[in-house]
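Okay, structure first, notes after.
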Amino acid sequence: MNETIASSRRTIRTAVVVAAVALLLVMPLIGTDFFVNFALTRTLILGVAASSIVFLSSSVGMVSLAQYLLVGVAGFTIGNCVAESGKGLKLGLNPWLAVVIALAASVLVALVLGAIGSRTTGIYFLMLTLTYAVIGYYVFSQVTSISGFGGITGVDPPGFFHEHPVRIYFGLLVLSVVVYAGLRALRRTPFGLSLEGIRDDPVRMGALGFNVPLHRTLAFTLAGLIAGAAGVFNIWWNGQIDPTSVAIGPTLDLLVVAVIGGIGNLEGAWLGAFVYVVANNYLRSLPLVDHIGITEARFNTVVGALVLLIVVLSPEGLSGIFAGLFDRVSRPRSAPLTPATAGGPAAPPSSTNQQPTSNMEEQQ
Amino acid sequence: MTADVVSDSLEQPLVPRPHLGRRRRWDWKLVTGAVLIALVLAWILFFARGTSAGAAIDEPGKFVVTLLDGLTLAGLYFIVASGFTLIFGLMRTVNMAHGSLFLLAAYIAVEVQQRMVGKTRNITSDDVDMWSWALPLLIGSAIAAVIGFVIFAVFLRWNHGQELRQALITLAISVILADQILAHAGGLAESMAWPKGVTHFTQIFGQRYATSRLFVLAIALVVGGALWLWLNRTRMGIVIRAGVADEQMVRALGINIGIVFAITFFVGSFLAGMGGVMVASFAGVSTGADGQWLLHSLVVVIIGGLGSIRGAVAGAVLYGMVSAFAPAYLPRDYTYYSIIFTFGLLAIVLAVRPYGLFGRPE
């Protein structure tokens, strides 16, 4: 009986994603410049970076706080390679060559960090990656030969993207689609399946002959590549990077993005990024917010309260709430009612929310 | 295939080859570790001539001072991290708001001290007697403890065992707390004044050394001793240690472990606050200190092993030593790279013991 629900869910899910991408494609025609070149572009950067957290969390069961550091590693590498004056190594390389070096750097850093953390799991891994993130911040702010506290400024993107913010937007849209489709396809490959096996029971997978630490390391490295790609676009879009942009604040913000969207659903990364960016830019102009004394500077209190609310009510985030709503709508139609589900409103909300999500993860 | 496995396991004692293999690998690791330590010691003793401290045989005073600095730092790390590890050990809760409680207590204590002395600026130790240092310490720590208790009672009591969810909840609380502290205290750096008696300098091997640092060390020892007595010599401590080992069994024995959880959270948050006030007196605090000291706690417990007080001592001492020795004994032009040594320490410990020196796997 769950088969029909799952397949209809999958169809609807794909349809929603395709519709969203179509809408994003025509957005430059209908939206304002600020909305497209600032809000949506930032959404896509954060979305791609957060998708690497969601991938690690939902497929391998590792919640990483080091992803924004890897975004920064790619950015600092490009800055060091491209910039011709100011701080850093000032190599003045071709910007496309710099992209290759930056991606290689973030993959390499991810490989090393992943290998060190490959035998820790769960909450230990979360803390270890938080430590990576903070140490990374200190490295960039103290080691003056690669950045120093002021950071690197005046980093131009390649000529194709230079002075064309809409092209950066479309580039990010392509990257998002590739990452999303790639990660969804990965789940059906033997590698993706063994990752899920390791998430569910590492001891048994080890006994079956799978090299558990190696799988974890490779998954973390792949996530590093995704984060690095987001970092490349991030510095092209910003034109500069400094250590504060990889400090503990942005690091936690990225996790907040993933949590708002739902740390178990890949779409949640972009959804969470959109909600976060919109809240960040438009919440402060609401008169209500002004009225209760929460001004621009107190944005973090609002975000913190939002996250608190989401985690307390539904650990699956917004996408989990939407999935739950969909199930509540579709269940009476496509599945035979058992007395428990017929009780509908009387059943505890947690069970109606969590049951379908676990089904969905199995079916992906 | 199964037949082979069965006959194998029947013929051999219960813990056969893997154990032996492990022992052999351990020896290899021990050798590497010993060589590493010997190299570091040789560097510090004889070769560190171009560094800010100089080779230890030339400058024994600077060596002893660096050692004492390391111990002082270790004392501060221990006070903050012991609360963190106490909470985690019993409840498997990673309290990401630990740093916020630290900072909150520090700001409250500074405020209380200003009211007690009657000045808001330029408070020097001459204005401060022991009482107007200790009372702010107690008030700040107690408020942190009460807030920690409220966080536990409202947000963490009903989702026990969901580690990630609890970490995210405390993370959200820390975001709110940090923002509110910023709103009320402003972004200024604040510091407490030491009481009159402890601000002298003593002579150690011809080096001037601040007595206040020895005072920090003494308080850390007292806190460590009190924790040890509490956990090992009182009924409550025995229940806590039993809860760390096997929570289900403690419940089955009819002990109300909810109350034990609440007390542990209270004490853990009190220690965070106490650490905050100590650091505010030692070096001052500003916004951002919450994240920084959450990091220090994390490094200490990752090295020492989560949930172990002994591990917190070991982690704090190792981390304190690295933090003190790396900047002093690196060649002058490379002092900025000392942060990498922290990372190196972490990497080495995790490569040998993934759950920390005194940690145990889940």
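Convention: chains lettered A, B, ... in structure tokens order; per-chain residue numbering from 1; ligands numbered from 1 as shown.
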Legend entry - Interface list for chain A, partner chain B, 8 Å threshold, only C-alpha atoms, as an NGL selection string: :A and (116-117 or 119-120 or 122-124 or 127-128 or 130-132 or 134-135 or 138-139 or 142-144 or 248 or 298 or 300-302 or 304-305 or 307-308 or 311-312 or 315)
Write out, as a PDB file, in the first residue's frame, the residues just selected, with C-alpha atoms.
ATOM      1  CA  ILE A 116      40.729  12.279  10.322  1.00  0.00           C
ATOM      2  CA  GLY A 117      37.051  12.219  11.264  1.00  0.00           C
ATOM      3  CA  ARG A 119      35.987   6.876  12.550  1.00  0.00           C
ATOM      4  CA  THR A 120      33.896   9.262  14.621  1.00  0.00           C
ATOM      5  CA  GLY A 122      27.013  11.194  15.234  1.00  0.00           C
ATOM      6  CA  ILE A 123      27.407  13.947  17.736  1.00  0.00           C
ATOM      7  CA  TYR A 124      31.201  13.486  17.893  1.00  0.00           C
ATOM      8  CA  MET A 127      31.658  18.638  17.311  1.00  0.00           C
ATOM      9  CA  LEU A 128      34.783  17.652  15.424  1.00  0.00           C
ATOM     10  CA  LEU A 130      32.725  22.549  14.390  1.00  0.00           C
ATOM     11  CA  THR A 131      36.299  22.459  15.659  1.00  0.00           C
ATOM     12  CA  TYR A 132      37.582  22.236  12.073  1.00  0.00           C
ATOM     13  CA  VAL A 134      36.817  27.417  14.015  1.00  0.00           C
ATOM     14  CA  ILE A 135      40.424  26.326  13.528  1.00  0.00           C
ATOM     15  CA  TYR A 138      41.956  31.115  12.902  1.00  0.00           C
ATOM     16  CA  VAL A 139      44.256  29.771  10.207  1.00  0.00           C
ATOM     17  CA  GLN A 142      46.396  34.510  11.515  1.00  0.00           C
ATOM     18  CA  VAL A 143      48.451  33.153   8.636  1.00  0.00           C
ATOM     19  CA  THR A 144      49.137  36.425   6.855  1.00  0.00           C
ATOM     20  CA  ILE A 248      31.591  30.579  13.508  1.00  0.00           C
ATOM     21  CA  ARG A 298      18.301  41.737  16.246  1.00  0.00           C
ATOM     22  CA  ASN A 300      19.639  36.698  14.828  1.00  0.00           C
ATOM     23  CA  THR A 301      17.109  36.537  17.643  1.00  0.00           C
ATOM     24  CA  VAL A 302      14.359  36.053  15.066  1.00  0.00           C
ATOM     25  CA  GLY A 304      17.208  31.641  16.466  1.00  0.00           C
ATOM     26  CA  ALA A 305      13.572  31.619  17.541  1.00  0.00           C
ATOM     27  CA  VAL A 307      15.054  27.467  14.305  1.00  0.00           C
ATOM     28  CA  LEU A 308      14.028  26.702  17.871  1.00  0.00           C
ATOM     29  CA  VAL A 311      13.368  21.903  15.775  1.00  0.00           C
ATOM     30  CA  VAL A 312      10.895  21.697  18.652  1.00  0.00           C
ATOM     31  CA  PRO A 315      12.880  18.000  13.266  1.00  0.00           C
TER      32      PRO A 315
END
Inset, instruction - Mind the document's chain letters and residue numbers, and return as a PyMOL selection string the residues of stretch 82-224 of chain B that DSSP labels strand (DSSP E). - result: chain B and resi 201-204+207-210
Let's have the selection written as a short mmCIF file (atom, residue, chain, number, x, y, z; two decimals), in the first residue's frame, with C-alpha atoms.
data_model
loop_
_atom_site.label_atom_id
_atom_site.label_comp_id
_atom_site.auth_asym_id
_atom_site.auth_seq_id
_atom_site.Cartn_x
_atom_site.Cartn_y
_atom_site.Cartn_z
CA PHE B 201 54.20 39.74 41.22
CA THR B 202 56.37 36.90 42.40
CA GLN B 203 59.88 36.11 41.27
CA ILE B 204 60.32 32.75 39.56
CA GLN B 207 61.12 36.17 35.88
CA ARG B 208 58.28 38.31 37.18
CA TYR B 209 55.14 36.24 37.41
CA ALA B 210 51.64 37.52 38.23
#
Legend entry - Residues flagged alpha helix (DSSP H) by DSSP in stretch 163-321 of chain B, as number ranges by chain: B: 163-185, 211-233, 235-245, 247-252, 257-282, 289-304, 309-321
Residues within 6 Å of stretch 263-276 of chain B, please, as a PDB file with N, CA and C atoms, in the first residue's frame. Count only C-alpha atoms; anything in the same chain fewer than 3 positions from it doesn't count.
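Okay, this is what ended up in around32.pdb:
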ATOM      1  N   ILE B  79      37.990  24.234  33.967  1.00  0.00           N
ATOM      2  CA  ILE B  79      36.761  24.690  34.630  1.00  0.00           C
ATOM      3  C   ILE B  79      35.619  24.764  33.623  1.00  0.00           C
ATOM      4  N   VAL B  80      35.893  25.330  32.442  1.00  0.00           N
ATOM      5  CA  VAL B  80      34.818  25.473  31.459  1.00  0.00           C
ATOM      6  C   VAL B  80      34.424  24.113  30.888  1.00  0.00           C
ATOM      7  N   GLY B  83      32.273  21.281  33.000  1.00  0.00           N
ATOM      8  CA  GLY B  83      30.818  21.381  32.991  1.00  0.00           C
ATOM      9  C   GLY B  83      30.229  20.778  31.728  1.00  0.00           C
ATOM     10  N   ILE B  87      27.813  17.250  31.654  1.00  0.00           N
ATOM     11  CA  ILE B  87      26.468  17.189  31.060  1.00  0.00           C
ATOM     12  C   ILE B  87      26.431  16.132  29.968  1.00  0.00           C
ATOM     13  N   LEU B 101      26.334  30.673  28.078  1.00  0.00           N
ATOM     14  CA  LEU B 101      26.207  30.770  29.530  1.00  0.00           C
ATOM     15  C   LEU B 101      27.482  31.344  30.129  1.00  0.00           C
ATOM     16  N   PHE B 102      28.614  30.927  29.563  1.00  0.00           N
ATOM     17  CA  PHE B 102      29.928  31.444  29.945  1.00  0.00           C
ATOM     18  C   PHE B 102      29.957  32.966  29.825  1.00  0.00           C
ATOM     19  N   LEU B 103      29.534  33.462  28.650  1.00  0.00           N
ATOM     20  CA  LEU B 103      29.614  34.897  28.385  1.00  0.00           C
ATOM     21  C   LEU B 103      28.600  35.669  29.225  1.00  0.00           C
ATOM     22  N   ALA B 105      27.371  34.914  32.191  1.00  0.00           N
ATOM     23  CA  ALA B 105      27.839  35.028  33.574  1.00  0.00           C
ATOM     24  C   ALA B 105      28.922  36.085  33.690  1.00  0.00           C
ATOM     25  N   ALA B 106      29.811  36.122  32.692  1.00  0.00           N
ATOM     26  CA  ALA B 106      30.898  37.097  32.741  1.00  0.00           C
ATOM     27  C   ALA B 106      30.343  38.519  32.739  1.00  0.00           C
ATOM     28  N   SER B 141      27.640  33.076  38.178  1.00  0.00           N
ATOM     29  CA  SER B 141      27.577  31.633  37.954  1.00  0.00           C
ATOM     30  C   SER B 141      26.205  31.095  38.301  1.00  0.00           C
ATOM     31  N   ALA B 142      25.609  31.611  39.395  1.00  0.00           N
ATOM     32  CA  ALA B 142      24.305  31.098  39.802  1.00  0.00           C
ATOM     33  C   ALA B 142      23.243  31.422  38.761  1.00  0.00           C
ATOM     34  N   ALA B 144      23.789  31.848  35.533  1.00  0.00           N
ATOM     35  CA  ALA B 144      24.040  30.924  34.424  1.00  0.00           C
ATOM     36  C   ALA B 144      23.474  29.552  34.755  1.00  0.00           C
ATOM     37  N   ALA B 145      23.656  29.118  36.014  1.00  0.00           N
ATOM     38  CA  ALA B 145      23.174  27.797  36.415  1.00  0.00           C
ATOM     39  C   ALA B 145      21.655  27.720  36.330  1.00  0.00           C
ATOM     40  N   GLY B 148      20.675  27.594  32.716  1.00  0.00           N
ATOM     41  CA  GLY B 148      20.937  26.247  32.217  1.00  0.00           C
ATOM     42  C   GLY B 148      19.861  25.276  32.674  1.00  0.00           C
ATOM     43  N   PHE B 149      19.451  25.395  33.923  1.00  0.00           N
ATOM     44  CA  PHE B 149      18.411  24.525  34.456  1.00  0.00           C
ATOM     45  C   PHE B 149      17.096  24.733  33.697  1.00  0.00           C
ATOM     46  N   VAL B 260      18.401  13.904  38.964  1.00  0.00           N
ATOM     47  CA  VAL B 260      19.859  13.864  38.817  1.00  0.00           C
ATOM     48  C   VAL B 260      20.274  14.629  37.567  1.00  0.00           C
ATOM     49  N   VAL B 279      37.647  33.974  33.348  1.00  0.00           N
ATOM     50  CA  VAL B 279      38.290  34.489  32.134  1.00  0.00           C
ATOM     51  C   VAL B 279      38.119  36.002  32.045  1.00  0.00           C
TER      52      VAL B 279
END
Legend entry - Residue neighbourhood stretch 62-78 of chain A, 7 Å, only C-alpha atoms, exclusion window fewer than 5 positions, as a ChimeraX atom specification: /A:49,53,56-57,98-99,102-103,105-106,121-122,125-126,129-130,132-133,136,224,227-228,230-232,235,241,246,251,254-255
Legend entry - Length of the atom CA of B:Asn95 to atom CA of A:Val60 vector [Å]: 23.4 Å
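Minimum atom-to-atom distances from A:Leu266, A:Leu173, A:Ala181, A:Leu91 to A:Gly317 were compared using only C-alpha atoms, and the lowest value belongs to A:Leu266.
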Inset, instruction - Check the smallest atom-to-atom distance from each of B:Val198, B:Val65, B:Leu76, B:Ile151 to B:Asp126 using only C-alpha atoms, then report the winner. - result: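 That would be B:Val198, the residue with the smallest distance to B:Asp126.
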Inset, instruction - Measuring atom to atom with only C-alpha atoms, identify which of A:Tyr137, A:Phe35, A:Phe149, A:Tyr180 is nearest to A:Ile226. - result: A:Tyr180
Excluding same-chain residues fewer than 3 positions from A:Ser194, what lies within 12 Å of it counting only C-alpha atoms, as a PDB file with N, CA and C atoms, in the first residue's frame?
ATOM      1  N   SER A  59      22.240  10.872   3.731  1.00  0.00           N
ATOM      2  CA  SER A  59      22.746   9.641   3.117  1.00  0.00           C
ATOM      3  C   SER A  59      23.745   8.908   3.991  1.00  0.00           C
ATOM      4  N   VAL A  60      24.537   9.629   4.763  1.00  0.00           N
ATOM      5  CA  VAL A  60      25.599   8.962   5.511  1.00  0.00           C
ATOM      6  C   VAL A  60      25.391   9.088   7.011  1.00  0.00           C
ATOM      7  N   LEU A 186      22.836   9.575  -7.294  1.00  0.00           N
ATOM      8  CA  LEU A 186      23.851   8.851  -6.527  1.00  0.00           C
ATOM      9  C   LEU A 186      23.218   7.844  -5.570  1.00  0.00           C
ATOM     10  N   ARG A 187      22.022   8.192  -5.082  1.00  0.00           N
ATOM     11  CA  ARG A 187      21.382   7.314  -4.104  1.00  0.00           C
ATOM     12  C   ARG A 187      21.026   5.955  -4.692  1.00  0.00           C
ATOM     13  N   ARG A 188      20.916   5.863  -6.018  1.00  0.00           N
ATOM     14  CA  ARG A 188      20.561   4.570  -6.597  1.00  0.00           C
ATOM     15  C   ARG A 188      21.800   3.788  -7.015  1.00  0.00           C
ATOM     16  N   THR A 189      22.985   4.392  -6.938  1.00  0.00           N
ATOM     17  CA  THR A 189      24.194   3.657  -7.307  1.00  0.00           C
ATOM     18  C   THR A 189      24.628   2.762  -6.152  1.00  0.00           C
ATOM     19  N   PRO A 190      25.447   1.751  -6.457  1.00  0.00           N
ATOM     20  CA  PRO A 190      25.953   0.892  -5.370  1.00  0.00           C
ATOM     21  C   PRO A 190      26.639   1.698  -4.274  1.00  0.00           C
ATOM     22  N   PHE A 191      27.401   2.737  -4.673  1.00  0.00           N
ATOM     23  CA  PHE A 191      28.088   3.553  -3.674  1.00  0.00           C
ATOM     24  C   PHE A 191      27.079   4.246  -2.754  1.00  0.00           C
ATOM     25  N   GLY A 197      23.588   2.094   3.848  1.00  0.00           N
ATOM     26  CA  GLY A 197      23.801   0.959   4.738  1.00  0.00           C
ATOM     27  C   GLY A 197      24.687   1.347   5.911  1.00  0.00           C
ATOM     28  N   ILE A 198      25.726   2.113   5.630  1.00  0.00           N
ATOM     29  CA  ILE A 198      26.644   2.545   6.686  1.00  0.00           C
ATOM     30  C   ILE A 198      25.939   3.494   7.642  1.00  0.00           C
ATOM     31  N   ARG A 199      25.054   4.344   7.099  1.00  0.00           N
ATOM     32  CA  ARG A 199      24.289   5.232   7.966  1.00  0.00           C
ATOM     33  C   ARG A 199      23.452   4.412   8.953  1.00  0.00           C
ATOM     34  N   ASP A 200      22.822   3.330   8.440  1.00  0.00           N
ATOM     35  CA  ASP A 200      21.891   2.595   9.286  1.00  0.00           C
ATOM     36  C   ASP A 200      22.583   1.629  10.231  1.00  0.00           C
ATOM     37  N   ASP A 201      23.663   0.993   9.771  1.00  0.00           N
ATOM     38  CA  ASP A 201      24.318   0.019  10.642  1.00  0.00           C
ATOM     39  C   ASP A 201      25.775  -0.156  10.237  1.00  0.00           C
ATOM     40  N   PRO A 202      26.642   0.731  10.716  1.00  0.00           N
ATOM     41  CA  PRO A 202      28.051   0.658  10.304  1.00  0.00           C
ATOM     42  C   PRO A 202      28.726  -0.652  10.689  1.00  0.00           C
ATOM     43  N   ARG A 204      27.441  -3.686  10.937  1.00  0.00           N
ATOM     44  CA  ARG A 204      27.080  -4.774  10.040  1.00  0.00           C
ATOM     45  C   ARG A 204      27.736  -4.583   8.677  1.00  0.00           C
ATOM     46  N   MET A 205      27.771  -3.328   8.189  1.00  0.00           N
ATOM     47  CA  MET A 205      28.400  -3.090   6.893  1.00  0.00           C
ATOM     48  C   MET A 205      29.890  -3.426   6.957  1.00  0.00           C
ATOM     49  N   GLY A 206      30.516  -3.115   8.102  1.00  0.00           N
ATOM     50  CA  GLY A 206      31.919  -3.472   8.264  1.00  0.00           C
ATOM     51  C   GLY A 206      32.103  -4.980   8.222  1.00  0.00           C
ATOM     52  N   LEU A 208      30.263  -7.049   6.679  1.00  0.00           N
ATOM     53  CA  LEU A 208      30.020  -7.534   5.319  1.00  0.00           C
ATOM     54  C   LEU A 208      31.201  -7.243   4.397  1.00  0.00           C
ATOM     55  N   GLY A 209      32.222  -6.574   4.919  1.00  0.00           N
ATOM     56  CA  GLY A 209      33.419  -6.349   4.129  1.00  0.00           C
ATOM     57  C   GLY A 209      33.542  -4.953   3.543  1.00  0.00           C
ATOM     58  N   PHE A 210      32.590  -4.077   3.853  1.00  0.00           N
ATOM     59  CA  PHE A 210      32.714  -2.705   3.356  1.00  0.00           C
ATOM     60  C   PHE A 210      33.715  -1.937   4.213  1.00  0.00           C
ATOM     61  N   ASN A 211      34.515  -1.130   3.558  1.00  0.00           N
ATOM     62  CA  ASN A 211      35.469  -0.302   4.290  1.00  0.00           C
ATOM     63  C   ASN A 211      34.743   0.971   4.752  1.00  0.00           C
ATOM     64  N   VAL A 212      34.248   0.921   5.988  1.00  0.00           N
ATOM     65  CA  VAL A 212      33.377   1.994   6.475  1.00  0.00           C
ATOM     66  C   VAL A 212      34.091   3.353   6.517  1.00  0.00           C
ATOM     67  N   LEU A 214      36.573   4.418   4.800  1.00  0.00           N
ATOM     68  CA  LEU A 214      36.853   4.884   3.437  1.00  0.00           C
ATOM     69  C   LEU A 214      35.588   5.460   2.803  1.00  0.00           C
ATOM     70  N   HIS A 215      34.449   4.762   2.977  1.00  0.00           N
ATOM     71  CA  HIS A 215      33.199   5.268   2.415  1.00  0.00           C
ATOM     72  C   HIS A 215      32.869   6.639   2.991  1.00  0.00           C
ATOM     73  N   ARG A 216      33.036   6.761   4.332  1.00  0.00           N
ATOM     74  CA  ARG A 216      32.724   8.048   4.958  1.00  0.00           C
ATOM     75  C   ARG A 216      33.641   9.131   4.422  1.00  0.00           C
ATOM     76  N   LEU A 218      35.162   9.258   1.526  1.00  0.00           N
ATOM     77  CA  LEU A 218      34.833   9.617   0.150  1.00  0.00           C
ATOM     78  C   LEU A 218      33.570  10.461   0.095  1.00  0.00           C
ATOM     79  N   ALA A 219      32.577  10.119   0.921  1.00  0.00           N
ATOM     80  CA  ALA A 219      31.350  10.923   0.936  1.00  0.00           C
ATOM     81  C   ALA A 219      31.665  12.347   1.366  1.00  0.00           C
TER      82      ALA A 219
END
Legend entry - Shell of 12 Å around A:Asn265, only C-alpha atoms, local chain residues under 2 positions omitted, as a VMD selection string: chain A and resid 13 50 to 59 180 183 to 184 258 to 263 267 to 272 315 to 323 357 to 358 360 to 361 364
Inset, instruction - Provide the atom CA of A:Phe220 to atom CA of A:Gly264 distance in Å, to one decimal place. - result: 16.6 Å
Inset, instruction - Figure out the distance between atom CA of B:Arg49 and atom CA of B:Leu217, please, to one decimal in Å. - result: 29.1 Å
Inset, instruction - Can you pull out every residue within 10 Å of A:Asn37, counting only C-alpha atoms, but drop anything in the same chain fewer than 3 positions away, and send it as a PyMOL selection string? - result: chain A and resi 28+31-34+40-42+164-169+237
Inset, instruction - Between A:Val179, A:Leu111, A:Leu89, A:Leu44, single out the one closest to A:Gly151, counting only C-alpha atoms. - result: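 Distance minimum relative to A:Gly151 lands on A:Leu89.
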